[in-house]
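Asks: Contents of coords-v7.tsv (TSV, C-alpha atoms):
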chain	number	residue	atom	x	y	z
A	1	MET	CA	9.12	-34.94	-8.40
A	2	HIS	CA	5.61	-35.89	-9.52
A	3	PRO	CA	2.79	-34.57	-7.25
A	4	ASP	CA	1.77	-38.16	-6.35
A	5	ALA	CA	5.35	-39.00	-5.45
A	6	LEU	CA	5.60	-35.89	-3.27
A	7	ALA	CA	2.33	-36.67	-1.52
A	8	SER	CA	3.37	-40.26	-0.74
A	9	HIS	CA	7.02	-39.57	0.08
A	10	ARG	CA	8.27	-40.66	3.51
A	11	ALA	CA	11.18	-38.62	4.77
A	12	ALA	CA	14.27	-40.65	5.64
A	13	PRO	CA	15.81	-40.14	9.09
A	14	ARG	CA	18.70	-38.29	7.45
A	15	LEU	CA	16.28	-35.74	5.96
A	16	ARG	CA	14.55	-35.15	9.29
A	17	ARG	CA	17.91	-34.47	10.92
A	18	ARG	CA	19.07	-32.18	8.12
A	19	TYR	CA	17.19	-29.04	9.20
A	20	ALA	CA	17.16	-27.55	12.66
A	21	THR	CA	14.04	-25.37	12.76
A	22	GLY	CA	14.33	-22.10	14.57
A	23	VAL	CA	12.41	-18.83	14.72
A	24	PRO	CA	9.05	-18.52	12.88
A	25	LEU	CA	9.29	-15.95	10.08
A	26	ALA	CA	5.75	-15.77	8.73
A	27	GLU	CA	2.34	-17.35	9.02
A	28	GLY	CA	-0.14	-17.81	6.20
A	29	GLY	CA	-3.51	-19.38	5.70
A	30	THR	CA	-2.07	-22.70	4.56
A	31	ALA	CA	1.63	-22.67	5.48
A	32	ASP	CA	4.19	-21.42	7.99
A	33	VAL	CA	7.71	-20.20	7.25
A	34	TYR	CA	10.59	-20.84	9.65
A	35	ARG	CA	14.21	-19.82	9.85
A	36	ALA	CA	16.21	-23.05	9.83
A	37	TYR	CA	19.77	-24.33	9.65
A	38	ASP	CA	20.83	-26.80	6.95
A	39	ALA	CA	23.28	-29.08	8.74
A	40	THR	CA	24.30	-30.83	5.51
A	41	LEU	CA	25.41	-27.70	3.62
A	42	GLY	CA	26.10	-25.51	6.65
A	43	ARG	CA	23.83	-22.59	5.80
A	44	GLU	CA	20.68	-20.91	6.99
A	45	VAL	CA	17.52	-21.40	4.93
A	46	ALA	CA	13.83	-20.57	5.06
A	47	LEU	CA	11.54	-23.60	5.41
A	48	LYS	CA	7.97	-23.28	4.18
A	49	TYR	CA	5.88	-26.03	5.80
A	50	LEU	CA	2.32	-26.83	4.79
A	51	ARG	CA	-0.08	-27.08	7.69
A	52	HIS	CA	-2.15	-29.74	5.95
A	53	LYS	CA	-1.29	-32.44	3.45
A	54	ARG	CA	-4.27	-31.88	1.15
A	55	PRO	CA	-3.61	-32.77	-2.51
A	56	ALA	CA	-4.52	-29.28	-3.78
A	57	LEU	CA	-2.09	-27.62	-1.35
A	58	VAL	CA	0.67	-30.10	-2.16
A	59	ALA	CA	0.16	-29.42	-5.87
A	60	ARG	CA	0.43	-25.67	-5.25
A	61	LEU	CA	3.62	-26.12	-3.23
A	62	LEU	CA	5.17	-28.20	-5.97
A	63	ARG	CA	4.05	-25.73	-8.64
A	64	GLU	CA	5.75	-22.91	-6.69
A	65	ALA	CA	8.97	-24.90	-6.39
A	66	ARG	CA	9.01	-25.78	-10.08
A	67	ALA	CA	8.38	-22.16	-11.04
A	68	LEU	CA	11.22	-20.87	-8.89
A	69	ALA	CA	13.55	-23.58	-10.18
A	70	ARG	CA	13.13	-22.08	-13.69
A	71	LEU	CA	14.30	-18.65	-12.55
A	72	GLN	CA	17.84	-17.43	-12.01
A	73	HIS	CA	17.76	-13.81	-10.88
A	74	PRO	CA	19.15	-12.07	-7.79
A	75	GLY	CA	15.76	-10.49	-7.22
A	76	ILE	CA	13.94	-13.85	-7.10
A	77	CYS	CA	14.16	-16.14	-4.08
A	78	GLU	CA	15.63	-19.43	-5.28
A	79	VAL	CA	14.50	-22.90	-4.11
A	80	TYR	CA	16.95	-25.44	-2.70
A	81	GLN	CA	14.84	-28.51	-2.01
A	82	VAL	CA	11.30	-29.92	-1.93
A	83	GLY	CA	10.37	-32.75	0.37
A	84	GLU	CA	8.40	-33.97	3.34
A	85	SER	CA	9.36	-34.24	6.97
A	86	GLU	CA	7.26	-35.83	9.69
A	87	GLY	CA	4.20	-35.83	7.48
A	88	ARG	CA	4.48	-32.17	6.48
A	89	PRO	CA	5.45	-31.21	2.91
A	90	TYR	CA	7.99	-28.39	2.76
A	91	VAL	CA	10.10	-26.20	0.51
A	92	ALA	CA	13.58	-25.13	1.54
A	93	ARG	CA	14.55	-21.82	-0.05
A	94	ARG	CA	17.06	-19.06	0.28
A	95	LEU	CA	16.78	-17.13	3.51
A	96	VAL	CA	16.14	-13.46	2.74
A	97	ASP	CA	17.26	-11.60	5.83
A	98	GLY	CA	15.41	-8.32	5.43
A	99	ASP	CA	12.28	-6.34	6.14
A	100	GLU	CA	9.09	-6.19	4.12
A	101	LEU	CA	9.08	-3.53	1.43
A	102	ASN	CA	6.83	-1.02	3.21
A	103	VAL	CA	8.88	-1.29	6.42
A	104	ALA	CA	12.23	-0.97	4.65
A	105	LEU	CA	11.12	2.13	2.71
A	106	ALA	CA	9.17	3.93	5.44
A	107	GLY	CA	9.96	7.65	5.18
A	108	ALA	CA	12.26	7.21	2.18
A	109	PRO	CA	12.40	9.91	-0.56
A	110	TRP	CA	10.51	9.22	-3.75
A	111	ARG	CA	13.64	8.49	-5.79
A	112	THR	CA	14.72	5.77	-3.36
A	113	ILE	CA	11.24	4.25	-3.43
A	114	VAL	CA	11.13	4.25	-7.23
A	115	ARG	CA	14.66	2.84	-7.46
A	116	VAL	CA	13.89	-0.09	-5.14
A	117	LEU	CA	10.52	-0.79	-6.74
A	118	ARG	CA	12.22	-0.72	-10.13
A	119	ALA	CA	14.69	-3.37	-8.91
A	120	ALA	CA	11.82	-5.54	-7.67
A	121	ALA	CA	10.05	-5.12	-11.02
A	122	ASP	CA	13.23	-6.28	-12.72
A	123	GLY	CA	12.93	-9.59	-10.87
A	124	VAL	CA	9.27	-9.84	-11.85
A	125	ALA	CA	10.31	-9.16	-15.46
A	126	ALA	CA	12.52	-12.27	-15.31
A	127	ALA	CA	9.47	-14.29	-14.23
A	128	HIS	CA	7.40	-12.83	-17.08
A	129	ALA	CA	10.13	-13.71	-19.57
A	130	ALA	CA	9.88	-17.32	-18.33
A	131	GLY	CA	6.11	-17.33	-18.83
A	132	LEU	CA	5.22	-16.97	-15.14
A	133	VAL	CA	2.77	-14.55	-13.48
A	134	HIS	CA	3.19	-14.11	-9.72
A	135	ARG	CA	-0.45	-13.01	-9.05
A	136	ASP	CA	0.16	-12.03	-5.43
A	137	LEU	CA	2.65	-9.16	-5.51
A	138	LYS	CA	2.42	-6.86	-2.47
A	139	PRO	CA	4.83	-5.29	0.04
A	140	SER	CA	4.86	-8.36	2.30
A	141	ASN	CA	5.97	-10.55	-0.63
A	142	ILE	CA	8.92	-8.30	-1.47
A	143	LEU	CA	11.66	-8.46	1.15
A	144	VAL	CA	14.51	-5.95	1.20
A	145	GLU	CA	18.05	-6.88	2.20
A	146	VAL	CA	20.75	-4.33	2.97
A	147	ASP	CA	23.99	-4.97	1.10
A	148	ALA	CA	26.79	-5.42	3.61
A	149	ASP	CA	29.36	-3.79	1.31
A	150	ASP	CA	27.69	-0.61	0.04
A	151	GLY	CA	24.49	-0.41	2.10
A	152	ALA	CA	22.31	-0.58	-1.00
A	153	LEU	CA	18.76	-1.89	-0.69
A	154	ARG	CA	18.26	-5.19	-2.54
A	155	PRO	CA	14.62	-6.30	-2.98
A	156	VAL	CA	13.83	-9.99	-3.37
A	157	VAL	CA	10.44	-11.29	-4.57
A	158	VAL	CA	9.16	-14.24	-2.53
A	159	ASP	CA	6.07	-16.48	-2.23
A	160	PHE	CA	5.13	-17.76	-5.68
A	161	GLY	CA	2.44	-19.90	-4.05
A	162	ILE	CA	-0.32	-18.99	-6.55
A	163	VAL	CA	1.93	-18.54	-9.56
A	164	HIS	CA	0.26	-18.85	-12.97
A	165	ASP	CA	2.19	-20.69	-15.69
A	166	LEU	CA	1.24	-19.17	-19.04
A	167	GLN	CA	2.83	-22.05	-20.94
A	168	ARG	CA	1.01	-24.83	-19.09
A	169	GLY	CA	-2.10	-22.91	-18.13
A	170	SER	CA	-1.73	-23.97	-14.51
A	171	GLY	CA	-3.10	-22.10	-11.57
A	172	THR	CA	-6.66	-21.62	-10.40
A	173	LEU	CA	-8.14	-18.35	-9.12
A	174	LEU	CA	-10.14	-19.92	-6.30
A	175	THR	CA	-9.43	-21.80	-3.11
A	176	GLU	CA	-11.08	-25.13	-2.37
A	177	ALA	CA	-13.74	-23.15	-0.48
A	178	GLY	CA	-14.46	-21.02	-3.57
A	179	GLN	CA	-12.71	-17.88	-2.32
A	180	LEU	CA	-10.49	-15.74	-4.54
A	181	LEU	CA	-6.77	-16.44	-4.30
A	182	GLY	CA	-4.69	-13.35	-3.65
A	183	THR	CA	-5.05	-10.08	-1.78
A	184	VAL	CA	-7.96	-7.89	-2.91
A	185	GLN	CA	-6.13	-4.57	-2.34
A	186	TYR	CA	-3.54	-5.60	-4.95
A	187	MET	CA	-5.66	-7.65	-7.35
A	188	ALA	CA	-6.27	-6.42	-10.89
A	189	PRO	CA	-9.85	-6.09	-12.20
A	190	GLU	CA	-9.46	-9.23	-14.34
A	191	GLN	CA	-8.46	-11.22	-11.24
A	192	LEU	CA	-11.50	-10.00	-9.33
A	193	ARG	CA	-13.72	-11.10	-12.22
A	194	GLY	CA	-12.34	-14.62	-11.79
A	195	THR	CA	-11.36	-15.37	-15.38
A	196	PRO	CA	-8.12	-17.43	-15.44
A	197	ASP	CA	-7.61	-17.07	-19.20
A	198	ALA	CA	-7.53	-13.26	-18.83
A	199	ILE	CA	-4.66	-13.31	-16.34
A	200	GLY	CA	-1.33	-12.24	-17.80
A	201	PRO	CA	1.75	-10.18	-16.91
A	202	GLN	CA	-0.43	-7.05	-16.82
A	203	ALA	CA	-1.97	-8.34	-13.57
A	204	ASP	CA	1.48	-8.15	-11.95
A	205	VAL	CA	1.98	-4.68	-13.47
A	206	TRP	CA	-1.23	-3.59	-11.73
A	207	ALA	CA	0.00	-4.96	-8.38
A	208	LEU	CA	3.35	-3.20	-8.79
A	209	GLY	CA	1.50	0.04	-9.54
A	210	ILE	CA	-0.66	-0.35	-6.43
A	211	THR	CA	2.43	-1.07	-4.35
A	212	LEU	CA	4.32	1.93	-5.73
A	213	ALA	CA	1.37	4.27	-5.12
A	214	GLN	CA	1.05	2.94	-1.56
A	215	LEU	CA	4.74	3.47	-0.84
A	216	LEU	CA	4.59	7.04	-2.17
A	217	SER	CA	1.42	8.00	-0.29
A	218	ALA	CA	1.69	10.03	2.89
A	219	ASP	CA	-0.62	7.72	4.85
A	220	GLY	CA	0.65	4.42	3.43
A	221	ARG	CA	-2.75	3.49	2.01
A	222	THR	CA	-3.51	1.92	-1.33
A	223	PRO	CA	-5.12	4.13	-4.03
A	224	PHE	CA	-8.50	2.33	-3.93
A	225	ARG	CA	-10.30	2.70	-0.61
A	226	ALA	CA	-13.58	1.48	0.85
A	227	ASP	CA	-15.16	0.48	4.15
A	228	SER	CA	-15.80	-3.14	3.15
A	229	GLN	CA	-14.35	-5.91	1.01
A	230	ILE	CA	-17.24	-5.66	-1.44
A	231	GLY	CA	-16.87	-1.88	-1.56
A	232	LEU	CA	-13.14	-2.27	-2.24
A	233	MET	CA	-13.79	-4.70	-5.09
A	234	ARG	CA	-16.31	-2.28	-6.57
A	235	ALA	CA	-13.79	0.57	-6.29
A	236	VAL	CA	-11.10	-1.46	-8.06
A	237	LEU	CA	-13.50	-2.25	-10.89
A	238	ARG	CA	-15.03	1.21	-11.31
A	239	ALA	CA	-13.38	4.02	-9.33
A	240	THR	CA	-10.52	6.33	-10.27
A	241	PRO	CA	-7.39	5.68	-8.17
A	242	GLN	CA	-6.31	8.31	-5.63
A	243	LEU	CA	-2.70	8.86	-6.66
A	244	PRO	CA	-0.11	10.60	-4.48
A	245	ASP	CA	1.13	14.00	-5.67
A	246	VAL	CA	4.80	13.09	-5.28
A	247	GLY	CA	7.66	13.36	-7.75
A	248	PRO	CA	7.48	14.57	-11.36
A	249	PRO	CA	4.32	14.39	-13.51
A	250	ALA	CA	5.90	11.52	-15.44
A	251	LEU	CA	5.76	9.37	-12.30
A	252	ARG	CA	2.01	9.88	-11.97
A	253	ALA	CA	1.65	9.07	-15.67
A	254	VAL	CA	3.43	5.77	-15.01
A	255	LEU	CA	1.06	5.02	-12.13
A	256	ARG	CA	-1.99	5.84	-14.24
A	257	ARG	CA	-0.81	3.46	-16.95
A	258	CYS	CA	-0.13	0.70	-14.41
A	259	LEU	CA	-3.64	1.12	-13.02
A	260	ALA	CA	-5.57	1.27	-16.28
A	261	LYS	CA	-8.73	-0.84	-15.99
A	262	ARG	CA	-8.12	-2.62	-19.30
A	263	PRO	CA	-5.06	-4.94	-19.29
A	264	GLY	CA	-4.23	-3.84	-22.83
A	265	ASP	CA	-3.88	-0.22	-21.69
A	266	ARG	CA	-1.21	-1.10	-19.10
A	267	TYR	CA	2.44	-1.89	-19.67
A	268	ARG	CA	2.61	-5.21	-21.50
A	269	ASP	CA	4.88	-6.66	-18.79
A	270	ALA	CA	7.22	-5.70	-15.97
A	271	ARG	CA	10.12	-5.09	-18.39
A	272	ALA	CA	8.22	-2.24	-20.08
A	273	LEU	CA	7.46	-0.79	-16.64
A	274	VAL	CA	11.15	-1.00	-15.68
A	275	ASP	CA	12.08	0.90	-18.84
A	276	ASP	CA	9.75	3.79	-18.00
A	277	LEU	CA	10.86	3.88	-14.35
A	278	ASP	CA	14.42	4.21	-15.62
A	279	ARG	CA	13.29	7.19	-17.70
A	280	VAL	CA	11.65	8.78	-14.65
A	281	LEU	CA	14.81	8.32	-12.59
A	282	ASP	CA	16.92	9.79	-15.40
A	283	ASP	CA	14.51	12.75	-15.90
A	284	ARG	CA	13.77	11.62	-19.46
A	285	PRO	CA	10.34	11.56	-21.15
A	286	ILE	CA	8.46	8.32	-20.69
A	287	ALA	CA	7.34	6.21	-23.64
A	288	PRO	CA	4.24	7.73	-25.33
A	289	ARG	CA	0.98	5.83	-25.34
A	290	SER	CA	-0.82	5.07	-28.57
A	291	ALA	CA	-3.66	7.32	-29.74
A	292	GLY	CA	-6.15	4.55	-29.03
A	293	MET	CA	-4.93	4.16	-25.45
A	294	ARG	CA	-5.15	7.93	-24.89
A	295	LEU	CA	-8.70	8.00	-26.23
A	296	ARG	CA	-9.78	5.05	-24.08
A	297	SER	CA	-8.20	6.68	-21.06
A	298	ALA	CA	-10.10	9.90	-21.71
A	299	LEU	CA	-13.39	8.03	-22.13
A	300	GLU	CA	-12.85	5.70	-19.18
A	301	PRO	CA	-14.65	7.90	-16.60
A	302	LEU	CA	-17.71	8.01	-18.89
A	303	ARG	CA	-17.67	4.24	-19.32
A	304	ARG	CA	-17.54	3.70	-15.55
A	305	HIS	CA	-20.37	6.22	-14.93
A	306	PRO	CA	-22.91	5.67	-17.75
A	307	LEU	CA	-25.68	7.72	-16.10
A	308	VAL	CA	-23.37	10.71	-15.86
A	309	ALA	CA	-22.34	10.15	-19.48
A	310	ILE	CA	-25.95	9.99	-20.66
A	311	SER	CA	-26.86	13.11	-18.67
A	312	ALA	CA	-23.88	14.97	-20.11
A	313	LEU	CA	-24.81	13.88	-23.64
A	314	LEU	CA	-28.42	15.02	-23.19
A	315	LEU	CA	-27.19	18.33	-21.81
A	316	LEU	CA	-24.91	18.81	-24.81
A	317	ILE	CA	-27.80	18.01	-27.17
A	318	ALA	CA	-30.07	20.50	-25.36
A	319	LEU	CA	-27.40	23.19	-25.47
A	320	GLY	CA	-26.86	22.51	-29.17
A	321	LEU	CA	-30.57	22.81	-29.90
A	322	ALA	CA	-30.86	25.99	-27.85
A	323	LEU	CA	-27.86	27.48	-29.63
A	324	GLY	CA	-29.29	26.51	-33.00
A	325	LEU	CA	-32.65	28.12	-32.21
A	326	GLU	CA	-30.93	31.28	-30.94
A	327	LEU	CA	-28.84	31.58	-34.10
A	328	ARG	CA	-31.90	31.01	-36.26
A	329	HIS	CA	-33.85	33.67	-34.33
A	330	ARG	CA	-31.03	36.19	-34.74
A	331	GLU	CA	-30.80	35.43	-38.44
A	332	HIS	CA	-34.57	36.02	-38.80
A	333	LEU	CA	-34.32	39.37	-36.97
A	334	GLN	CA	-31.43	40.44	-39.18
A	335	GLN	CA	-33.42	39.58	-42.29
A	336	ARG	CA	-36.34	41.70	-41.06
A	337	ARG	CA	-34.06	44.65	-40.33
A	338	ASP	CA	-32.52	44.37	-43.78
A	339	ARG	CA	-35.98	44.24	-45.37
A	340	ASP	CA	-37.21	47.26	-43.37
A	341	GLN	CA	-34.16	49.28	-44.43
A	342	ARG	CA	-34.79	48.50	-48.12
A	343	MET	CA	-38.48	49.43	-48.14
A	344	PRO	CA	-38.14	53.33	-48.14
A	345	THR	CA	-35.73	53.18	-51.05
A	346	GLN	CA	-38.09	50.98	-52.99
A	347	ARG	CA	-41.04	53.44	-52.39
A	348	LEU	CA	-38.99	56.37	-53.69
A	349	GLN	CA	-38.04	54.46	-56.76
A	350	ARG	CA	-41.73	53.67	-57.48
A	351	ARG	CA	-43.07	57.35	-57.14
A	352	PRO	CA	-44.38	58.75	-60.55
A	353	GLN	CA	-42.23	61.43	-62.23
A	354	ALA	CA	-43.85	64.82	-63.24
A	355	PRO	CA	-44.24	65.47	-67.08
A	356	ALA	CA	-41.48	67.50	-68.58
A	357	GLY	CA	-42.25	71.30	-68.97
A	358	ARG	CA	-45.43	71.16	-66.89
A	359	PRO	CA	-45.58	73.70	-64.11
A	360	ARG	CA	-45.84	72.33	-60.64
Kindly transcribe the structure held in the file into structure tokens.

Replies:
Amino acid sequence: MHPDALASHRAAPRLRRRYATGVPLAEGGTADVYRAYDATLGREVALKYLRHKRPALVARLLREARALARLQHPGICEVYQVGESEGRPYVARRLVDGDELNVALAGAPWRTIVRVLRAAADGVAAAHAAGLVHRDLKPSNILVEVDADDGALRPVVVDFGIVHDLQRGSGTLLTEAGQLLGTVQYMAPEQLRGTPDAIGPQADVWALGITLAQLLSADGRTPFRADSQIGLMRAVLRATPQLPDVGPPALRAVLRRCLAKRPGDRYRDARALVDDLDRVLDDRPIAPRSAGMRLRSALEPLRRHPLVAISALLLLIALGLALGLELRHREHLQQRRDRDQRMPTQRLQRRPQAPAGRPR
């Protein structure tokens, strides 16, 4: 449905009677989500209602629905219908009956956490393959169902409200009030800088890395910490992440690559991240980084702290000069010692010899 058609659509009486709204599931800044019953198809659904019928919000709702309609993956929450009821635009989607990721995995061993995060990343990989970037991945947007047959944990990615379509170039980074869209704790550096053209799958890789580090940490905190929003943004842009010391070294290497400041130094998309998480779970070596990526990673602390880098360089220059002067001084002393040792021999060689046969 065209955005103008959605905005002007008047719900028929049959549509208003179709859904019986029940318990609220979530509240957001612009929309509310309810548990509802679809009387026509006889199933429970989740209804996402907009609070206001502003054109920008309606366009975002429609963009989310269109994005989800392109995806067919068990780890992605599918959309059933888009419409309007009693003046409120809505999306009817699959009801995911589960807890948020951080609640579902509270106290779980590291292998379980990695296995579930890997499954969620597999759903995100399907979105990346379709040219879509979620841009708001975080524990509250990954719900975990428990399989009734085997008790396995099944993560489902929800809320594509600020999805970015790489093929159409859709999706702004700011609200109507000029505020950044997304959650700062999980936003990649390029998102914080507010450059839409720089946003790609690597932004979702960053958010998955933040989420994984948070789930593995003992205190449940994200790896970048500060006392204020501005301080947090500065930490994301410049600071080194505080990674949990859990699991094998390969797991921390995966986290470091997810949280590289430069998008090009991260996994290219969620599929590459899934491949390395599989290697971690199988106790196999992870994929090696290129020499250029290793060099940039080693130089990253110096780039983020230029004054420290300059001080260190000046110190190295001073030490080099001091060492050079010391070596030159020692060489000069050695030359003097060698010259002093040769002088007696030279004097003896220059003494006149007595004439032959002359008494002494």

Asks: Could you check which of A:Pro74, A:Gly264, A:Gly87, A:Gly131 is closest to A:Val205, using all atoms listed in the file?

Replies: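 When distances to A:Val205 are compared using all atoms listed in the file, the smallest one comes from A:Gly264.
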
Asks: Within 12 Å of A:Gly28, counting all atoms listed in the file, which residues show up once you throw out same-chain ones fewer than 4 positions away? Write them as a PyMOL selection string, please.

Replies: chain A and resi 24+32-34+48-51+140-141+159+161+182

Asks: Using all atoms listed in the file, what table do you get, as a tab-separated table, when you list each residue of stretch 80-130 of chain A with an atom no more than 12 Å from stretch 236-249 of chain A, its nearest pair of atoms, and their distance in Å rounded to one decimal, rows by chain then rising number?

Replies:
residue	atom	partner	partner_atom	distance
A:Pro109	CA	A:Gly247	CA	9.3
A:Trp110	CA	A:Gly247	CA	6.4
A:Arg111	CA	A:Gly247	CA	8.0
A:Thr112	CA	A:Gly247	CA	11.3
A:Ile113	CA	A:Gly247	CA	10.7
A:Val114	CA	A:Gly247	CA	9.8

Asks: If you measure from atom CA of A:Leu192 to atom CA of A:Ala207, what distance in Å do you get, rounded to one decimal?

Replies: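 Between atom CA of A:Leu192 and atom CA of A:Ala207 the gap works out to 12.6 Å.
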
Asks: Name all residues at most 7 Å from A:Ile210 (count all atoms listed in the file; drop same-chain ones fewer than 4 positions away) and give them as a list of chain:residue names.

Replies: A:Tyr186, A:Trp206, A:Gln214, A:Thr222, A:Pro223

Asks: To one decimal place in Å, what is the distance between atom CA of A:Gly98 and atom CA of A:Ser217?

Replies: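 It comes out at 22.2 Å.
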
Asks: List the neighbours of A:Asp122 out to 12 Å using all atoms listed in the file; skip same-chain residues closer than 5 positions along the sequence, and give me the result as a VMD selection string.

Replies: chain A and resid 73 to 76 115 to 117 127 to 129 154 to 157 204 to 205 208 269 to 278

Asks: Just how far from atom CA of A:Leu313 is atom CA of A:Gly231, in Å to one decimal?

Replies: 28.3 Å

Asks: Pick from A:Glu86, A:Glu190, A:Asp283, A:Asp227: nearest to A:Ala260, with all atoms listed in the file counted?

Replies: A:Glu190

Asks: Using only C-alpha atoms, which of A:Asn102, A:Arg94, A:Cys258, A:Ala235 sits nearest A:Arg221?

Replies: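 Checking each of A:Asn102, A:Arg94, A:Cys258, A:Ala235 against A:Arg221, counting only C-alpha atoms, the winner is A:Asn102.
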
Asks: Nearest to A:Ile199 among A:Val158, A:Val91, A:Val133, A:Val82, with distances taken over all atoms listed in the file: which residue is it?

Replies: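 Residue with the minimum atom-to-atom distance to A:Ile199: A:Val133.
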
Asks: Quick one: residues within 8 Å of A:Arg257, all atoms listed in the file counted, chain neighbours fewer than 5 positions away excluded, as number ranges by chain?

Replies: A: 265-267

Asks: Report as a ChimeraX atom specification all protein, DNA and RNA residues lying within 10 Å of A:Glu64, evaluated on all atoms listed in the file, omitting residues in the same chain fewer than 6 positions from it.

Replies: /A:58,79,91,134,159-165

Asks: Which of these residues is nearest to A:Gln185, using all atoms listed in the file: A:Leu333, A:Leu232, A:Leu153, A:Ala213?

Replies: A:Leu232

Asks: Counting only C-alpha atoms, which of A:Arg93, A:Arg268, A:Arg336, A:Lys138 gets nearest to A:Ala46?

Replies: A:Arg93
